[in-house]
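Undergrad: Submitted below is the structure of interest, expressed as structure tokens.
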Number of protein chains: 2
Amino acid sequence: MKLYDYRLAPNPRRVRIFLAEKKIEIPRVEIDIASQAHRTPEFLALNPAGTVPVLELDDGTAIAESVAICRYLEALSPEPPLFGSDRLSSARIEMWHRRVELELMVPVQHAVRNSHPVFATRGHGEGGAQSRDFVESGRRVAAATCDWLDRELATRRFVVGDAFSVADIALLVAIDFARLAELRLREGRPHLDRWYAEVAARPSAGA
Amino acid sequence: MKLYDYRLAPNPRRVRIFLAEKKIEIPRVEIDIASQAHRTPEFLALNPAGTVPVLELDDGTAIAESVAICRYLEALSPEPPLFGSDRLSSARIEMWHRRVELELMVPVQHAVRNSHPVFATRGHGEGGAQSRDFVESGRRVAAATCDWLDRELATRRFVVGDAFSVADIALLVAIDFARLAELRLREGRPHLDRWYAEVAARPSAGA
């Protein structure tokens, strides 16, 4: 197996943290998106969407999308379980993982993409302009979701109960990525901040 | 088990189609969102996010988020497998399911929410105004994703290979929901249209 990776992007980081939690080491190929390495014919043959990460299996099969890669790795290497260990814990992790993705990561991406200078010509506005509506809606939804998570984390150690899961990985990555839009999501949210301090101190967080 | 449902919304429909494909019948409780039934203290105690669908288990445990519910049902009733039957098919279904959700359903929701009169005060603009950027970006991304899916569907029967899966359910629901934003996504896309005709003719599509 081989992982096509990019140090600076949030989705590849989710896979790197997942691998570190599983203690799996696989060769990595850095795809430098800044220099358009994801737009070469070779890379587009592997993943027509032009996104990283991509996991290439030994027979050449390519799996794109960070969560699809993580599920494949979970099936290969079930311990420790990061998607749940029975049908109820799996469903609860899926529920929270989706809430973190759709109600936090997506709005954070909207805010970053429409405010950070590196995306100046790749925003969601007309002709690739950056859109103020996307920034403000993204900031508003991200803040509301973090208020909710702060209340939830008052009652338990991790996003889903007492076990670290992919939902924690998604939340850590989203909070860190949000800084690119000047969003400091831990501020004023003591339970989220307590959770962050613990999760960010795990060795996997440096991956 | 009991399913909290709403006839007019796309996410509950995903669960209804899933149940019909599995031939599972469970009692349903209609939550009339138009009359704010999702904002009552009883419903918010069940699901603080105030969204439908919700699956309530016999012990009172609530599972929200359509895909989390579907995964729980898949574990209860594995046949026919709609999330894949081995680690590679599961990963490929997850990959395509996510692409349909993030690159089609999310932009379609943006377009509907910011153009349809029923959401006039619940758009993504300032103070709940509808945002033209969200409509236009949503329409653009949805069209590009459907162009891609049209090319992919030239090569195979379903979204992922020869077996019907949750990715087909997500695509059917997104295409139908898009009509609320005046988006006719099958037009000019013959392979997507051929796929739609087959999937929309399954008995489950009426669920």
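Going through the structure tokens in order, the chains are called A, B, and so on, while each chain numbers its residues from 1 and the ligands are numbered from 1 in the order shown.
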Please return, as a list of chain:residue names, all residues of chain A lying within 8 Å of chain B when only C-alpha atoms are considered.

TA: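 Those within range of chain B come out as A:Ile63, A:Ala64, A:Glu65, A:Val67, A:Ala68, A:Ile69, A:Arg71, A:Tyr72, A:Ala75, A:Leu76, A:Arg87, A:Leu88, A:Ser90, A:Ala91, A:Arg92, A:Glu94, A:Met95, A:Arg98, A:His124, A:Gly125, A:Glu126, A:Ser131, A:Asp133, A:Phe134, A:Glu136, A:Ser137.
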
Undergrad: As a ChimeraX atom specification, please: the residues near Ala129 (chain B) (cut-off 9 Å, only C-alpha atoms, same-chain neighbours under 6 positions excluded).

TA: /B:114,119-123

Undergrad: Using the selection just defined, write its residues with all heavy atoms as a CSV table (one decimal), in the first residue's frame.

TA:
```csv
chain,number,residue,atom,x,y,z
B,114,ASN,N,-31.6,28.5,-0.2
B,114,ASN,CA,-31.4,29.9,-0.5
B,114,ASN,C,-32.2,30.4,-1.7
B,114,ASN,O,-32.0,31.5,-2.2
B,114,ASN,CB,-29.9,30.2,-0.7
B,114,ASN,CG,-29.2,30.1,0.6
B,114,ASN,OD1,-29.2,31.0,1.5
B,114,ASN,ND2,-28.6,28.9,0.9
B,119,PHE,N,-38.0,28.6,2.5
B,119,PHE,CA,-36.9,29.0,3.4
B,119,PHE,C,-36.5,30.5,3.4
B,119,PHE,O,-35.4,30.8,3.6
B,119,PHE,CB,-35.6,28.1,2.9
B,119,PHE,CG,-35.8,26.7,3.0
B,119,PHE,CD1,-36.0,25.9,1.9
B,119,PHE,CD2,-35.8,26.0,4.3
B,119,PHE,CE1,-36.2,24.5,2.0
B,119,PHE,CE2,-36.0,24.6,4.4
B,119,PHE,CZ,-36.2,23.9,3.2
B,120,ALA,N,-37.5,31.3,3.0
B,120,ALA,CA,-37.2,32.7,2.8
B,120,ALA,C,-36.5,33.4,3.9
B,120,ALA,O,-35.7,34.3,3.7
B,120,ALA,CB,-38.5,33.4,2.5
B,121,THR,N,-36.8,32.9,5.2
B,121,THR,CA,-36.1,33.6,6.3
B,121,THR,C,-35.1,32.7,7.0
B,121,THR,O,-34.6,32.9,8.1
B,121,THR,CB,-37.1,34.0,7.4
B,121,THR,OG1,-37.8,32.8,7.8
B,121,THR,CG2,-38.1,35.0,6.9
B,122,ARG,N,-34.7,31.6,6.3
B,122,ARG,CA,-33.8,30.6,6.8
B,122,ARG,C,-32.6,30.3,5.9
B,122,ARG,O,-32.1,29.2,5.8
B,122,ARG,CB,-34.5,29.3,7.3
B,122,ARG,CG,-35.3,29.5,8.5
B,122,ARG,CD,-36.1,28.3,8.9
B,122,ARG,NE,-37.2,28.0,7.9
B,122,ARG,CZ,-37.7,26.8,7.7
B,122,ARG,NH1,-37.3,25.8,8.4
B,122,ARG,NH2,-38.7,26.7,6.8
B,123,GLY,N,-32.2,31.3,5.1
B,123,GLY,CA,-31.1,31.1,4.2
B,123,GLY,C,-29.8,31.3,4.9
B,123,GLY,O,-29.7,31.4,6.1
```

Undergrad: Go through B:Ile17, B:Leu192, B:Ala142, B:Val54 and flag the residue nearest Val166 (chain B), using only C-alpha atoms for the distances.

TA: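 Under the stated criterion, the closest residue is B:Ile17.
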
Undergrad: Could you work out how far CA of Ala205 (chain B) lies from CA of Ile169 (chain B), giving the answer in Å with one decimal?

TA: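 Separation of CA of Ile169 (chain B) and CA of Ala205 (chain B): 8.4 Å.
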
Undergrad: From the options B:Asp58, B:Glu30, B:Lys23, B:His116, which residue's atoms come nearest to Glu182 (chain B), counting only C-alpha atoms?

TA: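 Using only C-alpha atoms, the shortest distance to Glu182 (chain B) belongs to B:His116.
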
Undergrad: So which residues touch Ala9 (chain B) within 12 Å, counting only C-alpha atoms, skipping near sequence neighbours fewer than 5 positions away, as a PDB file with C-alpha atoms, in the first residue's frame?

TA:
```pdb
ATOM      1  CA  TYR B   4     -39.314   9.593  13.565  1.00  0.00           C
ATOM      2  CA  ARG B  14     -32.993   7.999   2.456  1.00  0.00           C
ATOM      3  CA  VAL B  15     -33.914   5.879   5.474  1.00  0.00           C
ATOM      4  CA  ARG B  16     -37.335   4.972   4.057  1.00  0.00           C
ATOM      5  CA  GLU B  30     -44.492  11.755  11.525  1.00  0.00           C
ATOM      6  CA  ILE B  31     -42.772  14.893  12.846  1.00  0.00           C
ATOM      7  CA  ASP B  32     -44.386  17.796  11.071  1.00  0.00           C
ATOM      8  CA  ILE B  33     -41.497  20.203  10.651  1.00  0.00           C
ATOM      9  CA  ALA B  34     -43.747  22.765   8.956  1.00  0.00           C
ATOM     10  CA  THR B  51     -33.404  16.972  12.987  1.00  0.00           C
ATOM     11  CA  VAL B  52     -35.266  14.038  11.502  1.00  0.00           C
ATOM     12  CA  PRO B  53     -34.900  11.144  10.965  1.00  0.00           C
ATOM     13  CA  SER B  66     -29.810   9.168   8.323  1.00  0.00           C
ATOM     14  CA  GLN B 109     -29.214  21.867  -0.159  1.00  0.00           C
ATOM     15  CA  VAL B 112     -32.732  24.914  -2.292  1.00  0.00           C
ATOM     16  CA  VAL B 173     -32.680  11.567  -3.317  1.00  0.00           C
ATOM     17  CA  ALA B 174     -30.338  14.432  -4.241  1.00  0.00           C
ATOM     18  CA  ASP B 176     -35.192  14.590  -6.809  1.00  0.00           C
ATOM     19  CA  PHE B 177     -34.600  17.198  -4.094  1.00  0.00           C
ATOM     20  CA  ALA B 178     -32.742  19.443  -6.564  1.00  0.00           C
ATOM     21  CA  LEU B 180     -36.968  22.405  -5.562  1.00  0.00           C
TER      22      LEU B 180
END
```
